[in-house]
Number of protein chains: 2
Amino acid sequence: MTGIGIIGYGNLGRGVECAIKQNPDMELVAVFTRRDPQTVKVLTPGVTVASVADVAEWKDKIDVMIICGGSATDLPKQTPEYAKLFNVVDSFDTHAKIPEHFANVDAAAKAAGKVALISCGWDPGMFSLNRLYANCILPEGKDYTFWGKGVSQGHSDAIRRVPGVKNGKQYTIPVEAALEAVRSGSNPELTTREKHTRECFVVLEEGADAAAVEQAIKTMPNYFADYDTTVHFISEEELERDHAGIPHGGFVIRTGKTGWNGENKHVIEYSLKLDSNPEFTSSVIVAYARAIARLSAEGVSGCKTVFDIAPAYLSPLSGDEIRAHLL
Amino acid sequence: MTGIGIIGYGNLGRGVECAIKQNPDMELVAVFTRRDPQTVKVLTPGVTVASVADVAEWKDKIDVMIICGGSATDLPKQTPEYAKLFNVVDSFDTHAKIPEHFANVDAAAKAAGKVALISCGWDPGMFSLNRLYANCILPEGKDYTFWGKGVSQGHSDAIRRVPGVKNGKQYTIPVEAALEAVRSGSNPELTTREKHTRECFVVLEEGADAAAVEQAIKTMPNYFADYDTTVHFISEEELERDHAGIPHGGFVIRTGKTGWNGENKHVIEYSLKLDSNPEFTSSVIVAYARAIARLSAEGVSGCKTVFDIAPAYLSPLSGDEIRAHLL
């Protein structure tokens, strides 16, 4: 039985808790929070909720600690810090800062004899794996990643900062014609605008100027100016009723050529269609937590990514079983 | 530089040769054939063609030997035999006999201190990997594999054995409505007939009875009787002009649920669309040959499958590079 701890009980932490329930060889030992533990109710009966300030007391009671903080400010501090005490997994997703984060976590984990896995989930995570496999198989080719249809937290936050906006949600939508062009193997060069559209559902403050809000959103640099953006004004009730979920997904496609003169085309495509972005991310993390516990038991230490983990380590089944049933 | 040998110079062997050309860190050292080596012309200038009877003389000159024999009778003998002399990779694809083949190859490779990889390609291979990853991520779910559109060698052979048939080719085609039902997450139970159709292009012998041939094909047990089969009669010229390629592909889909009460649905889909089945298989094999050479250099021995190989081993890039560019 692999004992799991969770640091941070938001959408991701709750997703980890749900994923553990689906894996009979995993057990949730404790949840750690920055809030008053008395105010945090978890779903699993009998599980301790403790203050994150007391986490060191759990040093020998948890096989893998899953750190469910944010990438902007939490994880760069938390993951190296907790890797001194525990085997850890995080979902650090600031792509540009991965090398720096890796180096910090690697140093901490190696010094403590622990194993750490960073940037686990679906992007980075399963999408990265598919980029790597496809690049190795088709060295002469071209990569495409499309996201959506799904809720972008960053873009939804940006909408909500516009004066006159009470609430809002933004969907990133891949352009079907661009996907089809990629799948045809024609290796199109696609602009930002050609790849994705953005659809916003906005609840206005009382008396706000709809036209001004729409204009402010559509022309916002970095977030919307480079995209074809649609803005719908709806009521708070409609937002709650129709847009409460956190769906996401996307497509990783590589097209390439083989043959002595590159005469044959190939398309490798991996796609996800997810009702709940945090629950799917959590499900990936929990499978990798099993791998990390095993690597630790083998005496491995240091920082790893999904690239470094042999797939068999993720499965509760034996080598004989996976060869017989899944190969 | 990783030195590769090829045993067997058919479609797969030629595909391996083409894939090596796309990988600057790999080098084709020699091709071994059961035919008279004088009669075999390879594409790569300066490469030796030798008799497979002399393969032992190359023991220290080849890092990884890629065995391009057939699964029915060649590989069960060849892979254990050559694993005594070389690190080896094969594409053994008789799913039911994989455990037995694994055991034989493992014993031979361990005794010789060599690394062997069996059942490499796309199914088994990349499809297997995707089944494993998706099963580990979504323990509560259902797997679907569809093949095609592509040429089935076994079914084409079966057509050609029908009296009155001069030549023929068979395409396996996934049923679009079944794919859509699976993608919807409705977890349909699909019969053999509902998943794939079969399309045959047949050249008749002079004076053969078309109706009788069509009837013989459509009612053939195991191969066609359980499918909706279409038979087209064409000329030898049309067959050569329109059906000379060996395309294939398919879809691995897993749908599953997450959440405390399974309230959220997810769809993971991996698909391949291949102009050349043997060239794509070869491209997968060559990427894994790189991994096998590295494992051997680390002192590993025994039989492996794609499940046992960490993805980073497939890439010519360093850990730093793949983290920076692909994660």
# chains A, B, ... in the order shown; residues from 1 in each chain; ligands from 1
>>> residues_around(residues="region 107-118 of chain A", least_positions_apart="3", cutoff="6 Å", atoms="only C-alpha atoms", output="list in words")
Pro80, Ala83, Lys84, Asn87, Val88, Val89, Asp90, Ser91, Asn104, Ser296, Ser301, Gly302, Cys303, Lys304 and Thr305 of chain A
>>> residues_around(residues="Thr73 (chain B)", least_positions_apart="6", cutoff="12 Å", atoms="only C-alpha atoms", output="PyMOL selection string")
chain B and resi 79+92-94+97+101
>>> select_by_dssp(residues="region 71-317 of chain A", states="strand (DSSP E)", output="JSON, numbers by chain")
{"A": [87, 88, 89, 90, 115, 116, 117, 141, 142, 143, 144, 145, 146, 147, 150, 151, 165, 166, 167, 168, 169, 170, 171, 172, 173, 174, 196, 197, 198, 199, 200, 201, 202, 203, 204, 228, 229, 230, 231, 232, 233, 248, 249, 250, 251, 252, 253, 254, 255, 256, 257, 258, 264, 265, 266, 267, 268, 269, 270, 271, 272, 273, 274, 302, 303, 304]}
>>> residues_around(residues="Ser282 (chain B)", least_positions_apart="4", cutoff="8 Å", atoms="only C-alpha atoms", output="PyMOL selection string")
chain B and resi 12-13+15-16+19+121+278+286
>>> write_last_selection(atoms="N, CA, C and O atoms", output="CSV table (one decimal), in the first residue's frame")
chain,number,residue,atom,x,y,z
B,12,LEU,N,10.4,-4.5,-44.2
B,12,LEU,CA,10.8,-4.0,-42.9
B,12,LEU,C,12.3,-3.7,-42.8
B,12,LEU,O,12.7,-2.6,-42.4
B,13,GLY,N,13.1,-4.6,-43.4
B,13,GLY,CA,14.6,-4.3,-43.4
B,13,GLY,C,14.9,-3.0,-44.2
B,13,GLY,O,15.7,-2.2,-43.7
B,15,GLY,N,12.9,-0.6,-44.6
B,15,GLY,CA,12.4,0.5,-43.8
B,15,GLY,C,13.4,0.9,-42.7
B,15,GLY,O,13.6,2.1,-42.4
B,16,VAL,N,14.0,-0.1,-42.1
B,16,VAL,CA,15.0,0.2,-41.1
B,16,VAL,C,16.2,1.0,-41.7
B,16,VAL,O,16.7,2.0,-41.2
B,19,ALA,N,15.2,4.5,-42.1
B,19,ALA,CA,15.1,5.2,-40.8
B,19,ALA,C,16.5,5.6,-40.3
B,19,ALA,O,16.7,6.7,-39.7
B,121,GLY,N,7.2,-1.7,-32.4
B,121,GLY,CA,6.5,-1.2,-33.6
B,121,GLY,C,5.4,-0.4,-33.2
B,121,GLY,O,5.5,0.4,-32.2
B,278,PRO,N,5.3,-0.7,-43.0
B,278,PRO,CA,6.6,-1.2,-42.6
B,278,PRO,C,7.6,0.0,-42.3
B,278,PRO,O,8.4,-0.2,-41.4
B,286,VAL,N,13.9,1.7,-34.9
B,286,VAL,CA,15.3,2.4,-34.9
B,286,VAL,C,15.4,3.3,-33.6
B,286,VAL,O,16.4,3.4,-33.0
>>> select_by_dssp(residues="region 96-303 of chain B", states="alpha helix (DSSP H)", output="VMD selection string")
chain B and resid 98 to 112 126 to 137 153 to 160 176 to 183 192 to 195 210 to 218 236 to 242 277 to 297
>>> closest_residue(among="B:Ala297, B:Ala310, B:Val64, B:Val49", to="Gly3 (chain B)", atoms="only C-alpha atoms")
B:Val64
>>> interface_residues(of="chain B", to="chain A", cutoff="6 Å", atoms="only C-alpha atoms", output="JSON, numbers by chain")
{"B": [18, 124, 128, 136, 137, 259, 260, 264, 265, 266, 267, 268, 269, 270, 271, 272, 273, 274, 275, 283, 284, 287, 307, 308, 309, 310, 311, 312, 315, 326, 327]}
>>> write_last_selection(atoms="C-alpha atoms", output="JSON list (two decimals), in the first residue's frame")
[["chain", "number", "residue", "atom", "x", "y", "z"],
["B", 18, "CYS", "CA", 15.66, 4.34, -44.50],
["B", 124, "PRO", "CA", 2.38, -4.13, -30.48],
["B", 128, "SER", "CA", 0.44, -0.92, -26.34],
["B", 136, "CYS", "CA", -2.98, 3.76, -15.41],
["B", 137, "ILE", "CA", -4.46, 7.28, -15.65],
["B", 259, "GLY", "CA", -14.60, 12.45, -9.43],
["B", 260, "TRP", "CA", -15.85, 11.29, -6.06],
["B", 264, "ASN", "CA", -16.67, 13.58, -14.96],
["B", 265, "LYS", "CA", -15.96, 11.83, -18.25],
["B", 266, "HIS", "CA", -12.67, 11.82, -20.14],
["B", 267, "VAL", "CA", -11.55, 10.59, -23.54],
["B", 268, "ILE", "CA", -7.91, 9.75, -24.31],
["B", 269, "GLU", "CA", -7.28, 9.05, -27.98],
["B", 270, "TYR", "CA", -4.13, 8.08, -29.86],
["B", 271, "SER", "CA", -4.23, 7.62, -33.60],
["B", 272, "LEU", "CA", -1.90, 6.86, -36.46],
["B", 273, "LYS", "CA", -2.38, 7.50, -40.17],
["B", 274, "LEU", "CA", 0.47, 5.84, -42.02],
["B", 275, "ASP", "CA", 1.34, 5.85, -45.71],
["B", 283, "SER", "CA", 11.08, 4.10, -37.54],
["B", 284, "VAL", "CA", 9.79, 3.04, -34.12],
["B", 287, "ALA", "CA", 14.35, 4.87, -32.06],
["B", 307, "PHE", "CA", 6.85, -0.82, -21.23],
["B", 308, "ASP", "CA", 10.30, -1.11, -19.64],
["B", 309, "ILE", "CA", 12.05, 1.73, -21.47],
["B", 310, "ALA", "CA", 12.00, 5.28, -20.09],
["B", 311, "PRO", "CA", 11.05, 7.61, -22.98],
["B", 312, "ALA", "CA", 14.20, 9.75, -22.63],
["B", 315, "SER", "CA", 15.92, 10.58, -27.93],
["B", 326, "LEU", "CA", 9.69, 19.17, -25.26],
["B", 327, "LEU", "CA", 8.38, 19.19, -21.66]]
>>> decode(residues="region 297-312 of chain B", atoms="N, CA, C and O atoms", output="mmCIF file, in the first residue's frame")
data_model
loop_
_atom_site.group_PDB
_atom_site.id
_atom_site.type_symbol
_atom_site.label_atom_id
_atom_site.label_comp_id
_atom_site.auth_asym_id
_atom_site.auth_seq_id
_atom_site.Cartn_x
_atom_site.Cartn_y
_atom_site.Cartn_z
ATOM 1 N N ALA B 297 25.034 -0.274 -22.687
ATOM 2 C CA ALA B 297 26.218 0.448 -22.192
ATOM 3 C C ALA B 297 26.155 0.648 -20.685
ATOM 4 O O ALA B 297 27.191 0.747 -20.011
ATOM 5 N N GLU B 298 24.944 0.685 -20.121
ATOM 6 C CA GLU B 298 24.788 0.812 -18.665
ATOM 7 C C GLU B 298 24.933 -0.530 -17.944
ATOM 8 O O GLU B 298 24.824 -0.591 -16.720
ATOM 9 N N GLY B 299 25.101 -1.608 -18.720
ATOM 10 C CA GLY B 299 25.293 -2.910 -18.095
ATOM 11 C C GLY B 299 24.021 -3.717 -17.899
ATOM 12 O O GLY B 299 24.033 -4.782 -17.278
ATOM 13 N N VAL B 300 22.900 -3.219 -18.453
ATOM 14 C CA VAL B 300 21.627 -3.939 -18.340
ATOM 15 C C VAL B 300 21.666 -5.177 -19.237
ATOM 16 O O VAL B 300 22.314 -5.177 -20.287
ATOM 17 N N SER B 301 20.982 -6.241 -18.833
ATOM 18 C CA SER B 301 20.812 -7.383 -19.732
ATOM 19 C C SER B 301 19.420 -7.975 -19.558
ATOM 20 O O SER B 301 18.708 -7.650 -18.612
ATOM 21 N N GLY B 302 19.014 -8.831 -20.522
ATOM 22 C CA GLY B 302 17.710 -9.476 -20.456
ATOM 23 C C GLY B 302 16.741 -8.914 -21.478
ATOM 24 O O GLY B 302 17.079 -8.031 -22.255
ATOM 25 N N CYS B 303 15.527 -9.471 -21.466
ATOM 26 C CA CYS B 303 14.524 -9.061 -22.443
ATOM 27 C C CYS B 303 13.668 -7.921 -21.904
ATOM 28 O O CYS B 303 13.266 -7.916 -20.743
ATOM 29 N N LYS B 304 13.398 -6.951 -22.730
ATOM 30 C CA LYS B 304 12.590 -5.777 -22.398
ATOM 31 C C LYS B 304 11.443 -5.667 -23.402
ATOM 32 O O LYS B 304 11.497 -6.241 -24.495
ATOM 33 N N THR B 305 10.430 -4.884 -23.021
ATOM 34 C CA THR B 305 9.411 -4.462 -23.982
ATOM 35 C C THR B 305 9.345 -2.935 -23.919
ATOM 36 O O THR B 305 10.005 -2.316 -23.073
ATOM 37 N N VAL B 306 8.526 -2.339 -24.750
ATOM 38 C CA VAL B 306 8.397 -0.876 -24.728
ATOM 39 C C VAL B 306 7.956 -0.366 -23.354
ATOM 40 O O VAL B 306 8.220 0.785 -23.000
ATOM 41 N N PHE B 307 7.303 -1.231 -22.566
ATOM 42 C CA PHE B 307 6.853 -0.819 -21.228
ATOM 43 C C PHE B 307 8.022 -0.538 -20.281
ATOM 44 O O PHE B 307 7.861 0.177 -19.289
ATOM 45 N N ASP B 308 9.161 -1.154 -20.577
ATOM 46 C CA ASP B 308 10.296 -1.106 -19.643
ATOM 47 C C ASP B 308 11.290 0.003 -19.949
ATOM 48 O O ASP B 308 12.287 0.144 -19.245
ATOM 49 N N ILE B 309 11.062 0.759 -21.000
ATOM 50 C CA ILE B 309 12.055 1.729 -21.471
ATOM 51 C C ILE B 309 11.582 3.153 -21.164
ATOM 52 O O ILE B 309 10.549 3.591 -21.682
ATOM 53 N N ALA B 310 12.339 3.873 -20.354
ATOM 54 C CA ALA B 310 12.003 5.279 -20.092
ATOM 55 C C ALA B 310 12.097 6.060 -21.403
ATOM 56 O O ALA B 310 13.061 5.892 -22.160
ATOM 57 N N PRO B 311 11.103 6.904 -21.683
ATOM 58 C CA PRO B 311 11.046 7.607 -22.979
ATOM 59 C C PRO B 311 12.322 8.373 -23.333
ATOM 60 O O PRO B 311 12.700 8.426 -24.508
ATOM 61 N N ALA B 312 13.001 8.952 -22.343
ATOM 62 C CA ALA B 312 14.202 9.753 -22.631
ATOM 63 C C ALA B 312 15.269 8.946 -23.370
ATOM 64 O O ALA B 312 16.058 9.511 -24.128
#
